[in-house]
Structures are given as C-alpha cells and as structure tokens.
$ cat upload39.txt   # compact mmCIF, C-alpha atoms
# COMPACT_ATOMS: atom_id res chain seq x y z
CA MET A 1 80.15 88.64 85.44
CA THR A 2 78.73 87.18 88.68
CA LEU A 3 82.07 85.49 89.38
CA PHE A 4 83.90 88.79 88.86
CA ILE A 5 81.66 90.47 91.43
CA VAL A 6 82.24 87.52 93.80
CA LEU A 7 86.00 87.98 93.41
CA LEU A 8 85.73 91.75 93.97
CA ALA A 9 83.87 91.05 97.21
CA VAL A 10 86.57 88.57 98.28
CA ALA A 11 89.18 91.27 97.51
CA ALA A 12 87.30 93.80 99.64
CA GLY A 13 86.93 91.39 102.57
CA THR A 14 90.58 90.40 102.33
CA TYR A 15 91.71 94.03 102.27
CA LEU A 16 89.64 94.79 105.38
CA MET A 17 91.34 91.93 107.26
CA ARG A 18 94.77 93.11 106.10
CA ILE A 19 94.25 96.63 107.41
CA ALA A 20 92.14 95.61 110.44
CA PHE A 21 94.77 96.08 113.14
CA VAL A 22 97.25 98.09 111.12
CA THR A 23 94.94 100.93 110.13
CA LEU A 24 91.40 100.51 111.45
CA VAL A 25 92.08 99.56 115.10
CA PRO A 26 95.16 101.36 116.47
CA ALA A 27 97.86 99.02 117.79
CA ASP A 28 97.70 100.45 121.30
CA ARG A 29 94.06 99.36 121.63
CA LEU A 30 95.19 95.72 121.73
CA PRO A 31 95.63 94.47 125.31
CA ALA A 32 99.29 94.43 126.39
CA GLY A 33 99.13 90.68 127.11
CA VAL A 34 97.93 89.93 123.59
CA ARG A 35 100.60 92.17 122.06
CA ARG A 36 103.37 90.45 124.07
CA HIS A 37 102.24 86.96 123.11
CA LEU A 38 102.01 87.88 119.42
CA ASP A 39 105.84 87.94 119.42
CA HIS A 40 105.65 84.14 119.37
CA LEU A 41 103.40 84.08 116.32
CA PRO A 42 106.14 83.82 113.64
CA PRO A 43 107.53 80.44 114.79
CA ALA A 44 104.01 78.99 115.05
CA VAL A 45 103.12 80.28 111.58
CA LEU A 46 106.42 79.20 109.98
CA ALA A 47 106.16 75.67 111.38
CA ALA A 48 102.49 75.44 110.38
CA LEU A 49 103.16 76.67 106.83
CA ALA A 50 106.07 74.27 106.31
CA ALA A 51 104.16 71.34 107.84
CA THR A 52 101.04 72.10 105.78
CA ALA A 53 103.01 72.31 102.52
CA LEU A 54 104.83 69.06 103.21
CA ALA A 55 101.78 67.18 104.47
CA ARG A 56 99.77 68.28 101.44
CA GLN A 57 102.50 67.04 99.10
CA VAL A 58 102.55 63.68 100.92
CA ALA A 59 98.75 63.47 100.88
CA THR A 60 98.31 64.28 97.19
CA ALA A 61 101.25 62.31 95.75
CA THR A 62 100.54 58.89 94.28
CA THR A 63 103.81 57.54 95.63
CA PHE A 64 105.62 58.75 98.75
CA PRO A 65 107.38 62.01 97.70
CA VAL A 66 110.89 61.06 98.84
CA GLN A 67 112.41 64.18 97.24
CA ARG A 68 110.13 66.60 99.10
CA VAL A 69 110.46 64.91 102.47
CA GLY A 70 114.23 64.43 102.03
CA ALA A 71 114.65 68.10 101.09
CA VAL A 72 112.81 69.25 104.22
CA VAL A 73 114.74 66.90 106.53
CA VAL A 74 118.11 68.02 105.12
CA ALA A 75 116.98 71.67 105.28
CA MET A 76 116.07 71.26 108.97
CA VAL A 77 119.52 69.86 109.78
CA VAL A 78 121.41 72.49 107.77
CA ALA A 79 119.28 75.35 109.13
CA TRP A 80 119.76 74.08 112.68
CA ARG A 81 123.55 73.75 112.31
CA THR A 82 124.24 76.89 110.26
CA SER A 83 121.28 79.31 110.69
CA HIS A 84 122.06 80.29 107.11
CA LEU A 85 119.09 80.69 104.78
CA GLY A 86 121.11 80.47 101.57
CA LEU A 87 122.89 77.26 102.62
CA THR A 88 119.60 75.79 103.83
CA LEU A 89 117.89 76.54 100.55
CA GLY A 90 120.81 75.23 98.47
CA ALA A 91 121.03 72.02 100.51
CA GLY A 92 117.26 71.46 100.37
CA VAL A 93 116.92 72.02 96.63
CA ALA A 94 120.07 69.97 95.89
CA THR A 95 118.66 67.10 97.97
CA ALA A 96 115.35 67.19 96.10
CA TRP A 97 117.18 67.22 92.79
CA LEU A 98 119.58 64.38 93.72
CA LEU A 99 116.76 62.23 95.09
CA SER A 100 114.75 62.80 91.91
CA LEU A 101 117.67 61.30 89.97
CA VAL A 102 117.68 58.08 91.99
CA THR A 103 113.95 57.59 92.58
CA MET B 1 122.41 89.58 113.79
CA SER B 2 119.49 88.59 111.64
CA PRO B 3 118.39 85.03 112.26
CA THR B 4 118.36 84.36 108.53
CA GLY B 5 122.12 84.78 108.25
CA ILE B 6 122.54 85.83 104.64
CA VAL B 7 120.55 89.01 104.74
CA CYS B 8 122.15 90.61 107.76
CA PRO B 9 123.69 93.94 106.79
CA PRO B 10 126.33 95.50 109.05
CA PRO B 11 125.10 98.19 111.44
CA PRO B 12 124.77 101.53 109.67
CA ALA B 13 127.67 103.96 109.79
CA ALA B 14 127.19 107.25 111.63
CA ALA B 15 125.13 109.46 109.30
CA PRO B 16 122.98 108.15 106.45
CA VAL B 17 124.91 108.32 103.20
CA SER B 18 123.08 109.21 100.02
CA VAL B 19 123.75 107.25 96.83
CA GLY B 20 122.18 108.91 93.81
CA GLY B 21 119.60 110.58 96.03
CA VAL B 22 118.63 107.33 97.81
CA ARG B 23 119.76 106.86 101.41
CA GLU B 24 122.24 104.05 101.81
CA ASP B 25 120.21 102.24 104.47
CA THR B 26 117.19 102.35 102.14
CA LEU B 27 119.33 100.67 99.50
CA ARG B 28 120.43 98.03 102.04
CA ALA B 29 116.80 97.30 102.95
CA MET B 30 115.88 96.98 99.28
CA ARG B 31 118.83 94.68 98.66
CA ALA B 32 117.89 92.51 101.67
CA ALA B 33 114.33 92.26 100.36
CA ALA B 34 115.53 91.32 96.89
CA THR B 35 117.84 88.61 98.32
CA ASP B 36 115.04 87.18 100.46
CA MET B 37 112.62 87.26 97.55
CA VAL B 38 114.70 85.34 94.98
CA PRO B 39 113.69 81.85 96.21
CA ILE B 40 110.15 83.00 97.05
CA MET B 41 109.65 84.31 93.51
CA ALA B 42 110.76 80.98 92.06
CA GLY B 43 108.40 79.17 94.44
CA LEU B 44 105.50 81.46 93.48
CA VAL B 45 105.63 80.55 89.79
CA PRO B 46 103.91 77.13 89.95
CA PHE B 47 101.15 78.50 92.22
CA ALA B 48 100.56 81.47 89.90
CA LEU B 49 100.19 79.01 87.01
CA VAL B 50 97.57 77.07 89.01
CA ILE B 51 95.64 80.33 89.48
CA ALA B 52 95.98 81.13 85.77
CA ALA B 53 94.59 77.68 84.88
CA ALA B 54 91.67 78.17 87.30
CA VAL B 55 90.91 81.60 85.78
CA ASP B 56 91.12 80.08 82.29
CA ALA B 57 88.62 77.35 83.16
CA ALA B 58 86.23 79.65 85.06
CA PRO B 59 83.31 81.60 83.59
CA ILE B 60 85.25 84.87 83.71
CA GLY B 61 87.25 86.69 81.06
CA GLY B 62 91.04 86.46 81.22
CA ALA B 63 91.42 90.21 81.76
CA ALA B 64 88.80 90.28 84.53
CA GLY B 65 90.38 87.22 86.18
CA TRP B 66 93.77 88.88 86.06
CA VAL B 67 92.47 92.12 87.56
CA ALA B 68 90.78 90.12 90.32
CA SER B 69 94.10 88.35 91.02
CA GLY B 70 95.74 91.70 91.62
CA LEU B 71 92.92 92.96 93.84
CA ILE B 72 92.66 89.79 95.96
CA PHE B 73 96.44 89.23 96.02
CA ALA B 74 96.03 85.88 97.80
CA GLY B 75 96.01 82.77 95.64
CA SER B 76 94.39 80.32 98.02
CA ALA B 77 91.42 82.64 98.64
CA GLN B 78 90.93 83.26 94.92
CA LEU B 79 91.07 79.54 94.25
CA ALA B 80 88.61 78.77 97.06
CA ALA B 81 86.10 81.35 95.76
CA ILE B 82 86.37 80.17 92.14
CA THR B 83 86.05 76.50 93.15
CA ALA B 84 83.04 77.19 95.38
CA PHE B 85 81.36 79.21 92.64
CA GLU B 86 81.99 76.57 89.97
CA THR B 87 80.70 73.75 92.15
CA GLY B 88 77.36 75.50 92.47
CA ALA B 89 77.67 77.46 95.71
CA SER B 90 75.65 80.68 95.90
CA ALA B 91 77.53 83.92 95.27
CA LEU B 92 77.43 84.74 98.98
CA ALA B 93 78.80 81.32 99.95
CA ALA B 94 81.59 81.69 97.38
CA VAL B 95 82.53 85.10 98.82
CA LEU B 96 82.57 83.65 102.33
CA ALA B 97 84.70 80.71 101.19
CA GLY B 98 87.26 83.12 99.77
CA VAL B 99 87.28 85.56 102.67
CA LEU B 100 87.42 82.91 105.39
CA VAL B 101 90.52 81.34 103.82
CA ASN B 102 92.25 84.63 104.61
CA THR B 103 91.25 84.84 108.27
CA ARG B 104 94.89 84.37 109.23
CA LEU B 105 95.63 87.81 107.74
CA LEU B 106 93.76 89.26 110.73
CA ILE B 107 96.29 87.62 113.05
CA TYR B 108 99.23 88.83 110.94
CA SER B 109 97.70 92.30 110.91
CA ALA B 110 97.53 92.30 114.71
CA SER B 111 101.12 91.12 114.91
CA LEU B 112 102.34 93.87 112.57
CA ALA B 113 100.26 96.58 114.26
CA GLU B 114 103.18 97.98 116.25
CA PRO B 115 105.88 98.28 113.56
CA PHE B 116 103.26 99.63 111.13
CA SER B 117 102.08 102.20 113.67
CA TRP B 118 105.35 104.10 113.12
CA GLN B 119 104.60 104.45 109.42
CA SER B 120 102.78 107.22 107.58
CA SER B 121 99.03 107.00 107.25
CA ARG B 122 99.32 106.54 103.46
CA PHE B 123 101.62 103.54 104.00
CA ARG B 124 99.22 102.02 106.56
CA TRP B 125 96.31 102.28 104.11
CA LEU B 126 98.10 100.95 101.02
CA ALA B 127 101.03 98.72 102.04
CA PRO B 128 98.96 96.03 103.86
CA HIS B 129 97.64 95.01 100.44
CA PHE B 130 100.95 93.14 100.04
CA LEU B 131 100.34 91.18 103.29
CA VAL B 132 100.57 87.46 102.52
CA ASP B 133 102.11 84.54 104.42
CA PHE B 134 105.69 85.00 103.28
CA MET B 135 105.60 88.81 103.51
CA TYR B 136 104.65 88.40 107.16
CA VAL B 137 107.33 85.84 107.99
CA LEU B 138 110.07 87.65 106.02
CA ALA B 139 109.29 91.05 107.53
CA THR B 140 109.35 89.58 111.04
CA SER B 141 112.67 87.81 110.40
CA HIS B 142 114.66 91.04 110.57
CA ASP B 143 114.08 92.00 114.17
CA ASP B 144 117.17 94.20 114.42
CA GLU B 145 116.28 96.36 111.48
CA ASN B 146 112.53 96.42 112.05
CA GLY B 147 113.04 99.00 114.79
CA ASP B 148 113.82 101.47 112.00
CA PRO B 149 110.61 102.62 110.26
CA ALA B 150 112.49 103.67 107.11
CA TRP B 151 114.11 100.24 106.88
CA LEU B 152 110.78 98.42 107.19
CA ARG B 153 109.14 100.75 104.68
CA ALA B 154 111.83 100.18 102.03
CA TYR B 155 111.98 96.41 102.72
CA TRP B 156 108.21 95.98 102.59
CA LEU B 157 107.71 98.00 99.41
CA MET B 158 110.57 96.25 97.60
CA ALA B 159 109.44 92.73 98.59
CA GLY B 160 105.80 93.59 97.83
CA THR B 161 106.65 95.00 94.41
CA LEU B 162 108.69 91.93 93.51
CA THR B 163 105.78 89.74 94.65
CA ALA B 164 103.30 91.70 92.55
CA VAL B 165 105.49 91.61 89.44
CA THR B 166 106.13 87.86 89.76
CA TRP B 167 102.57 86.96 90.72
CA LEU B 168 100.72 89.09 88.17
CA GLY B 169 103.32 88.57 85.44
CA THR B 170 103.17 84.78 85.75
CA ILE B 171 99.36 84.76 85.92
CA ALA B 172 99.22 86.91 82.77
CA ILE B 173 101.57 84.54 80.97
CA GLY B 174 99.62 81.52 82.22
CA ILE B 175 96.29 82.98 81.03
CA THR B 176 97.56 83.86 77.55
CA ALA B 177 99.70 80.78 76.92
CA ASP B 178 99.68 77.15 77.99
CA VAL B 179 102.68 76.85 80.28
CA VAL B 180 103.61 73.48 81.77
CA LEU B 181 106.60 73.44 84.09
CA PRO B 182 108.89 70.41 83.81
CA GLU B 183 108.36 68.14 86.83
CA ALA B 184 112.13 68.05 87.41
CA LEU B 185 112.18 71.75 88.34
CA ALA B 186 110.42 70.86 91.61
CA LEU B 187 109.86 74.57 92.36
CA ASP B 188 107.23 73.60 94.94
CA VAL B 189 109.97 72.33 97.23
CA ILE B 190 111.45 75.83 97.61
CA ILE B 191 108.89 77.61 99.77
CA PRO B 192 108.66 74.96 102.55
CA VAL B 193 112.47 74.87 102.65
CA VAL B 194 112.61 78.67 103.01
CA TYR B 195 110.11 78.49 105.88
CA ILE B 196 112.30 75.85 107.57
CA GLY B 197 115.35 78.07 107.04
CA LEU B 198 113.57 81.01 108.69
CA LEU B 199 112.14 78.87 111.50
CA MET B 200 115.11 76.91 112.87
CA PRO B 201 117.25 79.90 113.99
CA ARG B 202 114.28 81.16 116.03
CA LEU B 203 114.09 78.00 118.15
CA THR B 204 116.45 79.23 120.85
CA SER B 205 114.21 78.95 123.92
CA SER B 206 111.19 76.94 124.99
CA PRO B 207 108.37 79.38 124.03
CA PRO B 208 109.20 79.46 120.30
CA VAL B 209 109.87 75.70 120.32
CA ALA B 210 106.48 75.08 121.92
CA ALA B 211 104.81 77.43 119.43
CA ALA B 212 106.47 75.70 116.47
CA VAL B 213 105.80 72.11 117.59
CA VAL B 214 102.15 72.76 118.46
CA GLY B 215 101.68 74.87 115.32
CA ALA B 216 103.05 72.11 113.08
CA VAL B 217 101.03 69.35 114.76
CA ILE B 218 97.75 71.29 114.57
CA ALA B 219 98.43 72.23 110.93
CA VAL B 220 98.92 68.58 109.97
CA VAL B 221 95.94 67.36 112.01
CA GLY B 222 93.81 70.16 110.52
CA LEU B 223 94.88 69.51 106.94
CA ASP B 224 91.36 68.48 105.93
CA LEU B 225 89.68 71.50 107.51
CA PRO B 226 88.38 74.04 104.98
CA ALA B 227 91.36 75.87 103.45
CA GLY B 228 92.93 78.36 105.80
CA PHE B 229 91.32 77.16 109.01
CA GLY B 230 94.08 74.69 109.80
CA LEU B 231 96.55 77.59 109.73
CA VAL B 232 94.40 79.79 111.95
CA ALA B 233 94.01 76.94 114.46
CA ALA B 234 97.76 76.27 114.29
CA ALA B 235 98.63 79.94 114.84
CA LEU B 236 96.30 80.26 117.83
CA GLY B 237 97.38 76.89 119.29
CA GLY B 238 101.03 77.89 118.89
CA LEU B 239 100.40 81.19 120.70
CA VAL B 240 98.72 79.36 123.60
CA ALA B 241 101.60 76.85 123.79
CA ALA B 242 104.14 79.70 123.85
CA ALA B 243 102.21 81.47 126.58
CA ILE B 244 102.18 78.29 128.68
CA ALA B 245 105.92 77.82 128.08
CA VAL B 246 106.62 81.42 129.17
CA ARG B 247 104.67 80.85 132.36
CA THR B 248 106.41 77.51 133.06
CA GLU B 249 109.82 79.16 132.50
CA ARG B 250 108.97 81.88 135.01
CA LYS B 251 107.87 79.36 137.64
CA ALA B 252 110.94 77.14 137.20
CA PRO B 253 113.79 77.91 139.63
CA ALA B 254 116.51 79.95 137.97

$ encode --input "upload39.txt" --output "structure tokens"
Amino acid sequence: MTLFIVLLAVAAGTYLMRIAFVTLVPADRLPAGVRRHLDHLPPAVLAALAATALARQVATATTFPVQRVGAVVVAMVVAWRTSHLGLTLGAGVATAWLLSLVT
Amino acid sequence: MSPTGIVCPPPPAAAPVSVGGVREDTLRAMRAAATDMVPIMAGLVPFALVIAAAVDAAPIGGAAGWVASGLIFAGSAQLAAITAFETGASALAAVLAGVLVNTRLLIYSASLAEPFSWQSSRFRWLAPHFLVDFMYVLATSHDDENGDPAWLRAYWLMAGTLTAVTWLGTIAIGITADVVLPEALALDVIIPVVYIGLLMPRLTSSPPVAAAVVGAVIAVVGLDLPAGFGLVAAALGGLVAAAIAVRTERKAPA
C-alpha cells in the first residue's frame, strides 16, 4: 500500500513537470532568448539518448556487444547518406542480426 | 521535407477533403504517427517487460502496479521509485528518486510550449501525459507539419494512444504471465537506431552538430549519475554548445 502511494506521488510530480510550461506557465512568459535556443534541444536530446542507450549496453554486457555497436555505426552511415528513417532502421537491425550470427 | 524521409506526406491539396467524416490531413497525421511508432512499439516491449517484472517482485498488487504504470507513464521513473523503496529508502526519498528521473520532461515541456499554445485548453491539460522521450523527439521531427495545430493534435494523440496500448498491454501480459523474449530478437537495438535515424538529418549546420556532440559526450560521461541526471546535463550542455556555435557563426565573416 505504501509503495502504491509512493508511485501515485511520482505520477503527480511527473504530470506537473509535463504540463509545467505547456499549461501552467504560458509559453510567452519564457524569455525570447531561451525560446530561440530551445530549437537546438532535439539534436542534443537525440544524441544523448542514443549515446546513453549504447553506452549502457556496452557497460552492462559481459562481452563487448559487437551487434549493438555495429548496428549503431551502420545506422549512422546509412542515416547520414540517405536521411531515410526506414532504411536506417532496416540496415541497423539487419546488421545486429547478421553480427549475432557470426559472434 | 521532413528530415525523417519516410513519413513526409505531400503538401495538402487546396481544401481539406473529408474521408468518412475525418479530414484527410488528420488521416495523414495519424498515418505518419503510426509509421513512426512501429519500430518504437517493438522497442518498448522489452522495457515494458522489465517494468512488469519489477512490479511482480515489489510489495504491490499486480493491478495496483499496472494502474501506477499508466499514471506515471514513464518506465525509468517507476523503476527508480520501486528500486529505491525496495532498498529501504524512506517513502519521501523514493518519491524524489522517481520524480527527479523525469526532470528532463520540464525541458521538453518548455520546448513544446509554443506548438502546444495553439491547442485547446483541454488538449494542453490532458495530452502532455503522453510526453516521454520518443514522443518529444518524434513530434519535433516534423517541423513542416508542426505549424498546423490540427496536424500536431492528430499526430500526438495517435502516437500517444499507440504508446499507451503497447506499454500498458505489454505490462499487463508481463504481470500475468512469465514472458521471456528470445535473445536473438535484440529488440533493444531498435530505439537507439531510431534516435540515430532522426538525429543525422538534423546535422546540417554547426549549432545542431555542436549540440549533438556535446550532448552525447556529457551523456556518456554522466552515465553513472543518478538515472535521468545525465540526460538533463546533456540537454543543457548541448543547448549551451549550440548557443556558442550560433554566436561563433555570426562573428565569422560571411
């Protein structure tokens, strides 16, 4: 029961952060400089999320995860050359699968 | 042209066309969301099973744990709170552990403030519940269409509904049955690859490149920080790097 209440409180806190600037504080209250710079947030977040996922897989694996690292390297090349999400995904997953056959 | 490539619909024809009572551009937004969500849904499955296993092992009923999963709607925060609680932290410390993991949602919320400000008040109160990492990066990967409030509304609700169905459905299955995914499926490789696929097309000038490089380096260096803090540091560091790059670009001779 205590844990359920803990989780409800986490849900409430999380919801407040989700609506903080969308609903509670109107967008136009944010300084113009901050709003302009937030346009560069997606690349920072995308790179951080991908790097975190990969680094965590490397850190927790008992042997070097060749499939994961290979998939990300191939995905970077394909995404850079084609800018095509479907091709990138297909190439990345195929690389992971092929490498799992040989390792 | 959408930077993701596959989900770029052609510009709308003159007047909105209705198909079975639903506007055609609404249908296009829903289809784009569904296309984007296919790999994400597959990638969510292993994480949802981790949450189900944590709920199973925790001193909480399956139904209560499942309800909490829907209300928190953020796996890493739920996991952090459960782990803290089980390792003997006080209730308050466990709540803080969970909430702090989600600090990055504040930054996403600020970044989405403008497109959401064009939405109805009901949407602004309810729709942010779906705000998670990939919802943020997917919604901001359709810059052309995001100028259209109806497009964003349909896209967001479709992607959020698919997330909820996958997330809560898999957690329910994981709580009621013992599911072990075959190692060969390697579903955990999908989400980082999707992030790479969304990132690379954005790296067309020095500010986004600076943001991405600094963001990735800080995230890796901060891997051992309490969950979530590495990402917050990476996001803020990336923003600072982009700001410096913008200033350097302006100073450089044309």

$ closest_atom_pairs --input "upload39.txt" --of "chain B" --to "chain A" --cutoff "6 Å" --atoms "only C-alpha atoms" --output "Markdown table"
| residue | atom | partner | partner_atom | distance |
| --- | --- | --- | --- | --- |
| B:Thr4 | CA | A:Leu85 | CA | 5.3 |
| B:Gly5 | CA | A:His84 | CA | 4.6 |
| B:Leu71 | CA | A:Ala11 | CA | 5.5 |
| B:Ile72 | CA | A:Ala11 | CA | 4.1 |
| B:Val95 | CA | A:Val10 | CA | 5.4 |
| B:Gly98 | CA | A:Val10 | CA | 5.7 |
| B:Val99 | CA | A:Val10 | CA | 5.4 |
| B:Leu105 | CA | A:Arg18 | CA | 5.6 |
| B:Leu106 | CA | A:Met17 | CA | 5.0 |
| B:Ser109 | CA | A:Phe21 | CA | 5.3 |
| B:Ala110 | CA | A:Phe21 | CA | 4.9 |
| B:Ser111 | CA | A:Leu38 | CA | 5.6 |
| B:Ala113 | CA | A:Val22 | CA | 4.6 |
| B:Glu114 | CA | A:Ala27 | CA | 5.6 |
| B:Arg124 | CA | A:Thr23 | CA | 5.7 |
| B:Pro128 | CA | A:Arg18 | CA | 5.6 |
| B:Pro192 | CA | A:Ala50 | CA | 4.6 |
| B:Val193 | CA | A:Val72 | CA | 5.8 |
| B:Tyr195 | CA | A:Leu46 | CA | 5.6 |
| B:Gly197 | CA | A:Leu85 | CA | 5.1 |
| B:Leu199 | CA | A:Pro43 | CA | 5.9 |
| B:Met200 | CA | A:Trp80 | CA | 5.4 |
| B:Pro201 | CA | A:Ser83 | CA | 5.2 |
| B:Pro208 | CA | A:Pro43 | CA | 5.8 |
| B:Ala211 | CA | A:Ala44 | CA | 4.7 |
| B:Ala212 | CA | A:Ala44 | CA | 4.3 |
| B:Gly215 | CA | A:Ala44 | CA | 4.7 |
| B:Ala216 | CA | A:Ala48 | CA | 4.3 |
| B:Ala219 | CA | A:Ala48 | CA | 5.2 |
| B:Val220 | CA | A:Thr52 | CA | 5.9 |
| B:Ala235 | CA | A:Ala44 | CA | 5.5 |
| B:Gly238 | CA | A:Ala44 | CA | 5.0 |

$ write_last_selection --input "upload39.txt" --atoms "C-alpha atoms" --output "PDB file, keeping the file's coordinate frame"
ATOM      1  CA  THR B   4     118.360  84.360 108.530  1.00  0.00           C
ATOM      2  CA  GLY B   5     122.120  84.780 108.250  1.00  0.00           C
ATOM      3  CA  LEU B  71      92.920  92.960  93.840  1.00  0.00           C
ATOM      4  CA  ILE B  72      92.660  89.790  95.960  1.00  0.00           C
ATOM      5  CA  VAL B  95      82.530  85.100  98.820  1.00  0.00           C
ATOM      6  CA  GLY B  98      87.260  83.120  99.770  1.00  0.00           C
ATOM      7  CA  VAL B  99      87.280  85.560 102.670  1.00  0.00           C
ATOM      8  CA  LEU B 105      95.630  87.810 107.740  1.00  0.00           C
ATOM      9  CA  LEU B 106      93.760  89.260 110.730  1.00  0.00           C
ATOM     10  CA  SER B 109      97.700  92.300 110.910  1.00  0.00           C
ATOM     11  CA  ALA B 110      97.530  92.300 114.710  1.00  0.00           C
ATOM     12  CA  SER B 111     101.120  91.120 114.910  1.00  0.00           C
ATOM     13  CA  ALA B 113     100.260  96.580 114.260  1.00  0.00           C
ATOM     14  CA  GLU B 114     103.180  97.980 116.250  1.00  0.00           C
ATOM     15  CA  ARG B 124      99.220 102.020 106.560  1.00  0.00           C
ATOM     16  CA  PRO B 128      98.960  96.030 103.860  1.00  0.00           C
ATOM     17  CA  PRO B 192     108.660  74.960 102.550  1.00  0.00           C
ATOM     18  CA  VAL B 193     112.470  74.870 102.650  1.00  0.00           C
ATOM     19  CA  TYR B 195     110.110  78.490 105.880  1.00  0.00           C
ATOM     20  CA  GLY B 197     115.350  78.070 107.040  1.00  0.00           C
ATOM     21  CA  LEU B 199     112.140  78.870 111.500  1.00  0.00           C
ATOM     22  CA  MET B 200     115.110  76.910 112.870  1.00  0.00           C
ATOM     23  CA  PRO B 201     117.250  79.900 113.990  1.00  0.00           C
ATOM     24  CA  PRO B 208     109.200  79.460 120.300  1.00  0.00           C
ATOM     25  CA  ALA B 211     104.810  77.430 119.430  1.00  0.00           C
ATOM     26  CA  ALA B 212     106.470  75.700 116.470  1.00  0.00           C
ATOM     27  CA  GLY B 215     101.680  74.870 115.320  1.00  0.00           C
ATOM     28  CA  ALA B 216     103.050  72.110 113.080  1.00  0.00           C
ATOM     29  CA  ALA B 219      98.430  72.230 110.930  1.00  0.00           C
ATOM     30  CA  VAL B 220      98.920  68.580 109.970  1.00  0.00           C
ATOM     31  CA  ALA B 235      98.630  79.940 114.840  1.00  0.00           C
ATOM     32  CA  GLY B 238     101.030  77.890 118.890  1.00  0.00           C
TER      33      GLY B 238
END

$ residues_near_point --input "upload39.txt" --point "(96.3, 91.5, 82.8)" --cutoff "9 Å" --atoms "only C-alpha atoms" --output "count of residues only"
13

$ atom_distance --input "upload39.txt" --atom1 "atom CA of B:Val38" --atom2 "atom CA of A:Thr103"
27.9 Å

$ atom_distance --input "upload39.txt" --atom1 "atom CA of B:Gly230" --atom2 "atom CA of B:Ile191"
18.1 Å

$ axis_aligned_box --input "upload39.txt" --around "stretch 6-24 of chain A" --padding-each-side "3 Å" --output "AutoDock Vina command-line options"
--center_x 89.7 --center_y 94.2 --center_z 103.3 --size_x 21.0 --size_y 19.4 --size_z 25.7

$ residues_around --input "upload39.txt" --residues "B:Leu44" --least-positions-apart "5" --cutoff "12 Å" --atoms "only C-alpha atoms" --output "list in words"
Met37, Val38, Pro39, Leu49, Val50, Ile51, Ala74, Gly75, Val132, Asp133, Phe134, Leu162, Thr163, Ala164, Val165, Thr166, Trp167, Leu168, Gly169, Thr170, Ile171, Ala186, Leu187, Asp188, Val189, Ile190, Ile191 and Pro192 of chain B
